[in-house]
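Engineer: For reference, the file start.cif (mmCIF, C-alpha atoms and all ligand atoms) is included below:
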data_start
#
loop_
_atom_site.group_PDB
_atom_site.id
_atom_site.type_symbol
_atom_site.label_atom_id
_atom_site.label_comp_id
_atom_site.auth_asym_id
_atom_site.auth_seq_id
_atom_site.Cartn_x
_atom_site.Cartn_y
_atom_site.Cartn_z
ATOM 1 C CA MET A 1 -4.421 140.787 144.377
ATOM 2 C CA HIS A 2 -4.989 137.813 146.590
ATOM 3 C CA LYS A 3 -2.999 136.533 149.513
ATOM 4 C CA LEU A 4 -3.727 133.680 151.898
ATOM 5 C CA LEU A 5 -2.056 133.755 155.282
ATOM 6 C CA LYS A 6 -2.007 130.214 156.623
ATOM 7 C CA CYS A 7 -2.147 129.329 160.289
ATOM 8 C CA PHE A 8 -1.011 126.042 161.711
ATOM 9 C CA SER A 9 -2.121 123.900 164.571
ATOM 10 C CA ILE A 10 -0.163 122.067 167.177
ATOM 11 C CA LEU A 11 -2.885 119.885 168.545
ATOM 12 C CA SER A 12 -0.654 118.085 171.005
ATOM 13 C CA VAL A 13 -0.220 121.156 173.164
ATOM 14 C CA LEU A 14 -3.899 121.957 173.246
ATOM 15 C CA ALA A 15 -5.336 120.421 176.367
ATOM 16 C CA PHE A 16 -8.106 122.578 177.700
ATOM 17 C CA VAL A 17 -11.324 121.753 179.408
ATOM 18 C CA ALA A 18 -14.213 122.185 177.045
ATOM 19 C CA CYS A 19 -16.913 124.581 178.098
ATOM 20 C CA SER A 20 -19.705 123.543 175.810
ATOM 21 C CA SER A 21 -22.329 126.118 175.134
ATOM 22 C CA SER A 22 -21.170 126.972 171.673
ATOM 23 C CA ASP A 23 -24.435 127.075 169.776
ATOM 24 C CA GLU A 24 -26.610 128.783 172.355
ATOM 25 C CA ALA A 25 -25.869 132.454 172.196
ATOM 26 C CA VAL A 26 -26.481 133.121 168.526
ATOM 27 C CA ASP A 27 -27.028 136.709 167.536
ATOM 28 C CA PRO A 28 -30.457 136.882 165.872
ATOM 29 C CA GLU A 29 -29.122 139.337 163.339
ATOM 30 C CA GLY A 30 -26.344 137.056 162.232
ATOM 31 C CA TYR A 31 -23.571 137.814 159.798
ATOM 32 C CA GLU A 32 -24.176 137.599 156.103
ATOM 33 C CA GLY A 33 -21.732 135.334 154.334
ATOM 34 C CA VAL A 34 -20.515 133.859 157.584
ATOM 35 C CA ASP A 35 -21.049 130.279 158.688
ATOM 36 C CA ARG A 36 -23.554 130.230 161.561
ATOM 37 C CA ARG A 37 -21.088 128.355 163.741
ATOM 38 C CA LEU A 38 -18.889 131.439 163.737
ATOM 39 C CA TRP A 39 -21.521 134.038 164.660
ATOM 40 C CA TYR A 40 -21.111 133.654 168.386
ATOM 41 C CA PHE A 41 -17.355 134.171 168.122
ATOM 42 C CA PHE A 42 -17.768 137.166 165.816
ATOM 43 C CA ASP A 43 -19.988 138.700 168.507
ATOM 44 C CA VAL A 44 -17.331 138.002 171.123
ATOM 45 C CA PHE A 45 -14.662 139.653 168.989
ATOM 46 C CA GLN A 46 -16.849 142.688 168.391
ATOM 47 C CA GLN A 47 -17.646 143.042 172.103
ATOM 48 C CA GLU A 48 -14.090 142.486 173.310
ATOM 49 C CA ALA A 49 -12.839 145.062 170.804
ATOM 50 C CA GLU A 50 -15.372 147.632 171.946
ATOM 51 C CA ALA A 51 -14.541 146.944 175.597
ATOM 52 C CA ARG A 52 -10.982 147.992 174.771
ATOM 53 C CA GLY A 53 -11.865 151.042 172.741
ATOM 54 C CA VAL A 54 -11.079 149.421 169.409
ATOM 55 C CA SER A 55 -13.636 150.261 166.784
ATOM 56 C CA VAL A 56 -14.580 147.378 164.521
ATOM 57 C CA ASP A 57 -17.748 146.711 162.571
ATOM 58 C CA LEU A 58 -17.665 143.180 161.276
ATOM 59 C CA ARG A 59 -20.970 143.473 159.447
ATOM 60 C CA ALA A 60 -20.021 146.669 157.663
ATOM 61 C CA SER A 61 -16.662 145.202 156.682
ATOM 62 C CA GLY A 62 -18.347 142.492 154.630
ATOM 63 C CA LEU A 63 -15.904 139.965 156.025
ATOM 64 C CA THR A 64 -16.989 136.417 155.224
ATOM 65 C CA GLY A 65 -16.177 133.234 157.073
ATOM 66 C CA ARG A 66 -16.517 129.599 156.196
ATOM 67 C CA ILE A 67 -15.576 126.201 157.501
ATOM 68 C CA GLY A 68 -14.339 123.963 154.719
ATOM 69 C CA ASN A 69 -11.451 121.886 153.598
ATOM 70 C CA ILE A 70 -8.006 123.404 153.402
ATOM 71 C CA ASP A 71 -5.158 121.745 151.568
ATOM 72 C CA GLY A 72 -1.927 121.305 153.446
ATOM 73 C CA VAL A 73 -0.769 119.391 156.484
ATOM 74 C CA ASN A 74 -1.844 120.863 159.826
ATOM 75 C CA VAL A 75 -3.277 124.004 158.321
ATOM 76 C CA ALA A 76 -5.953 125.000 160.805
ATOM 77 C CA GLY A 77 -7.192 128.129 159.153
ATOM 78 C CA GLY A 78 -6.304 131.251 157.308
ATOM 79 C CA CYS A 79 -7.262 134.701 156.219
ATOM 80 C CA ASN A 80 -7.717 135.464 152.550
ATOM 81 C CA PHE A 81 -6.868 139.054 151.839
ATOM 82 C CA HIS A 82 -8.591 140.317 148.746
ATOM 83 C CA GLY A 83 -7.634 143.564 147.151
ATOM 84 C CA SER A 84 -11.084 144.634 146.023
ATOM 85 C CA ALA A 85 -13.437 142.217 147.808
ATOM 86 C CA PRO A 86 -13.930 141.782 151.563
ATOM 87 C CA ASN A 87 -11.470 139.532 153.361
ATOM 88 C CA GLN A 88 -12.424 135.934 154.011
ATOM 89 C CA ILE A 89 -11.755 133.667 156.942
ATOM 90 C CA ILE A 90 -11.492 129.969 156.303
ATOM 91 C CA LEU A 91 -11.222 127.285 158.937
ATOM 92 C CA ASP A 92 -10.432 123.669 158.265
ATOM 93 C CA ALA A 93 -13.509 121.537 158.912
ATOM 94 C CA THR A 94 -11.621 118.475 160.104
ATOM 95 C CA PHE A 95 -9.600 120.532 162.542
ATOM 96 C CA TRP A 96 -12.630 122.514 163.693
ATOM 97 C CA ASN A 97 -14.491 119.348 164.616
ATOM 98 C CA THR A 98 -11.727 118.308 167.017
ATOM 99 C CA LEU A 99 -11.769 121.564 168.965
ATOM 100 C CA SER A 100 -13.290 122.424 172.306
ATOM 101 C CA PHE A 101 -15.346 125.564 172.721
ATOM 102 C CA ILE A 102 -12.465 127.690 173.981
ATOM 103 C CA GLN A 103 -10.122 126.366 171.306
ATOM 104 C CA ARG A 104 -12.674 127.448 168.715
ATOM 105 C CA GLU A 105 -12.756 130.870 170.298
ATOM 106 C CA LEU A 106 -8.957 131.015 170.083
ATOM 107 C CA ILE A 107 -8.771 130.129 166.401
ATOM 108 C CA VAL A 108 -11.557 132.511 165.383
ATOM 109 C CA MET A 109 -10.035 135.370 167.410
ATOM 110 C CA HIS A 110 -6.714 134.550 165.754
ATOM 111 C CA GLU A 111 -8.077 134.696 162.219
ATOM 112 C CA LEU A 112 -10.006 137.862 162.976
ATOM 113 C CA GLY A 113 -6.721 139.253 164.253
ATOM 114 C CA HIS A 114 -5.341 138.813 160.732
ATOM 115 C CA CYS A 115 -8.405 139.714 158.693
ATOM 116 C CA VAL A 116 -9.702 142.640 160.749
ATOM 117 C CA LEU A 117 -6.789 143.997 162.789
ATOM 118 C CA TYR A 118 -4.177 143.135 160.123
ATOM 119 C CA ARG A 119 -1.990 141.553 162.731
ATOM 120 C CA ASP A 120 0.899 139.349 161.709
ATOM 121 C CA HIS A 121 2.039 136.224 163.540
ATOM 122 C CA ARG A 122 3.837 136.696 166.843
ATOM 123 C CA GLU A 123 5.828 133.834 168.346
ATOM 124 C CA ALA A 124 6.987 135.515 171.553
ATOM 125 C CA MET A 125 6.959 133.373 174.685
ATOM 126 C CA ASP A 126 7.525 133.728 178.405
ATOM 127 C CA VAL A 127 10.220 131.907 180.389
ATOM 128 C CA THR A 128 8.024 128.829 180.684
ATOM 129 C CA GLY A 129 7.588 128.619 176.927
ATOM 130 C CA ARG A 130 4.007 129.800 176.974
ATOM 131 C CA CYS A 131 2.955 131.841 173.940
ATOM 132 C CA LEU A 132 2.412 135.495 174.774
ATOM 133 C CA SER A 133 0.001 135.924 171.903
ATOM 134 C CA ILE A 134 -2.824 133.983 170.339
ATOM 135 C CA MET A 135 -1.326 135.259 167.065
ATOM 136 C CA ARG A 136 1.348 132.572 167.221
ATOM 137 C CA SER A 137 1.638 130.798 163.887
ATOM 138 C CA GLY A 138 1.584 127.263 165.211
ATOM 139 C CA LEU A 139 5.007 126.716 163.627
ATOM 140 C CA GLY A 140 6.989 128.351 166.423
ATOM 141 C CA GLN A 141 8.299 126.874 169.644
ATOM 142 C CA CYS A 142 5.820 128.269 172.151
ATOM 143 C CA ASN A 143 2.918 126.442 173.745
ATOM 144 C CA ASP A 144 -0.612 127.747 173.676
ATOM 145 C CA GLY A 145 -1.872 128.895 177.027
ATOM 146 C CA TYR A 146 -5.332 130.172 176.138
ATOM 147 C CA SER A 147 -7.848 129.274 178.822
ATOM 148 C CA GLU A 148 -10.680 130.763 180.829
ATOM 149 C CA THR A 149 -8.154 132.165 183.292
ATOM 150 C CA THR A 150 -5.701 133.606 180.757
ATOM 151 C CA ARG A 151 -8.065 134.776 178.016
ATOM 152 C CA GLU A 152 -8.396 138.310 179.387
ATOM 153 C CA GLY A 153 -4.669 138.896 179.093
ATOM 154 C CA TYR A 154 -4.542 137.338 175.646
ATOM 155 C CA LEU A 155 -7.405 139.508 174.443
ATOM 156 C CA ASN A 156 -5.664 142.601 175.832
ATOM 157 C CA GLU A 157 -2.638 141.626 173.773
ATOM 158 C CA LEU A 158 -4.744 140.866 170.699
ATOM 159 C CA PHE A 159 -6.296 144.329 170.653
ATOM 160 C CA ASP A 160 -3.130 146.199 171.635
ATOM 161 C CA PRO A 161 -2.815 148.915 168.959
ATOM 162 C CA ALA A 162 0.971 148.499 169.034
ATOM 163 C CA PHE A 163 0.613 145.275 167.069
ATOM 164 C CA ALA A 164 -2.149 146.270 164.659
ATOM 165 C CA ASN A 165 -1.685 146.867 160.941
ATOM 166 C CA GLU A 166 1.502 144.851 160.607
ATOM 167 C CA ILE A 167 0.230 143.189 157.458
ATOM 168 C CA THR A 168 -0.035 144.942 154.140
ATOM 169 C CA PRO A 169 -2.237 142.793 151.963
HETATM 170 ZN ZN ZN B 1 -2.399 132.955 161.659
#
Translate the structure described by the file into structure tokens.
Ligand SMILES: [Zn+2]

Structural biologist:
Amino acid sequence: MHKLLKCFSILSVLAFVACSSSDEAVDPEGYEGVDRRLWYFFDVFQQEAEARGVSVDLRASGLTGRIGNIDGVNVAGGCNFHGSAPNQIILDATFWNTLSFIQRELIVMHELGHCVLYRDHREAMDVTGRCLSIMRSGLGQCNDGYSETTREGYLNELFDPAFANEITP
């Protein structure tokens, strides 16, 4: 079995200040089968999960990640669920190259939300129209609000067990 969950981008609503330091904090151990540009964000995911009592082991899972070309208009990334092989994250290279550091963190956290936590998309928004979850599909009506000041709340939501395991691959 094989299933690709596609995630879309709404670039026009993304307007964050870039905090460039993306390639500095690379874990010397790395992640086999994962593009080096994603290692830092995999570390962040692992650490933020542990800080919230969620047990994940990205290395043991065998999850792979690559940055390549994805067919389809505005497809920013996706998670490939494989029945017998480890899941695979794919991010669109053209899209990736337009992103700031924190936008890259958002999209990697999002895809890990699918591939590791088995979260589905969530389009909920507050009264101002701001997305309540970084698991928004990009096709809904809400606006991304992920920033240095809001990330803590978004990560709390991401790792909330109430939303985990919504996807059956
Ligand atoms: Zn998605």

Engineer: With distances taken over all atoms listed in the file, which residue among A:Asp144, A:Asp35, A:Asp126, A:Glu48 lies nearest Ile90 (chain A)?

Structural biologist: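 Selected residue with least distance to Ile90 (chain A): A:Asp35.
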
Engineer: I need the residue set behind the PyMOL selection byres (((not hetatm)) within 8 of (chain B and resi 1)) for this file; please write it as an mmCIF file with C-alpha atoms, in the frame of the given file.

Structural biologist:
data_model
loop_
_atom_site.group_PDB
_atom_site.id
_atom_site.type_symbol
_atom_site.label_atom_id
_atom_site.label_comp_id
_atom_site.auth_asym_id
_atom_site.auth_seq_id
_atom_site.Cartn_x
_atom_site.Cartn_y
_atom_site.Cartn_z
ATOM 1 C CA LEU A 5 -2.056 133.755 155.282
ATOM 2 C CA LYS A 6 -2.007 130.214 156.623
ATOM 3 C CA CYS A 7 -2.147 129.329 160.289
ATOM 4 C CA PHE A 8 -1.011 126.042 161.711
ATOM 5 C CA GLY A 77 -7.192 128.129 159.153
ATOM 6 C CA GLY A 78 -6.304 131.251 157.308
ATOM 7 C CA CYS A 79 -7.262 134.701 156.219
ATOM 8 C CA HIS A 110 -6.714 134.550 165.754
ATOM 9 C CA GLU A 111 -8.077 134.696 162.219
ATOM 10 C CA HIS A 114 -5.341 138.813 160.732
ATOM 11 C CA ASP A 120 0.899 139.349 161.709
ATOM 12 C CA HIS A 121 2.039 136.224 163.540
ATOM 13 C CA MET A 135 -1.326 135.259 167.065
ATOM 14 C CA ARG A 136 1.348 132.572 167.221
ATOM 15 C CA SER A 137 1.638 130.798 163.887
ATOM 16 C CA GLY A 138 1.584 127.263 165.211
#

Engineer: Mind pulling up the distance from CA of Ser133 (chain A) to CA of Ala49 (chain A)?

Structural biologist: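 Those two atoms sit 15.8 Å apart.
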
Engineer: In Å, rounded to a single decimal, give me how far CA of Thr128 (chain A) is from CA of Leu155 (chain A).

Structural biologist: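 That distance, rounded to one decimal, is 19.8 Å.
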
Engineer: I'd like the interatomic distance between CA of Asp57 (chain A) and CA of Leu112 (chain A), to a tenth of an Å.

Structural biologist: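 Between CA of Asp57 (chain A) and CA of Leu112 (chain A) the gap is 11.8 Å.
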
Engineer: Can you tell me which residues surround Gln46 (chain A) at a distance of at most 9 Å, considering all atoms listed in the file, apart from same-chain residues fewer than 6 positions away, and format the answer as a count of residues only?

Structural biologist: 5

Engineer: Would you be able to write out as a list in words which residues have an atom within 7 Å of (8.3, 126.7, 175.9) in the file's coordinates, counting only C-alpha atoms?

Structural biologist: Met125, Thr128, Gly129, Arg130, Gln141, Cys142 and Asn143 of chain A

Engineer: Considering all atoms listed in the file, state which residue in the set A:Arg59, A:Phe159, A:Phe41, A:Val108 is at the smallest distance from Glu29 (chain A).

Structural biologist: A:Arg59
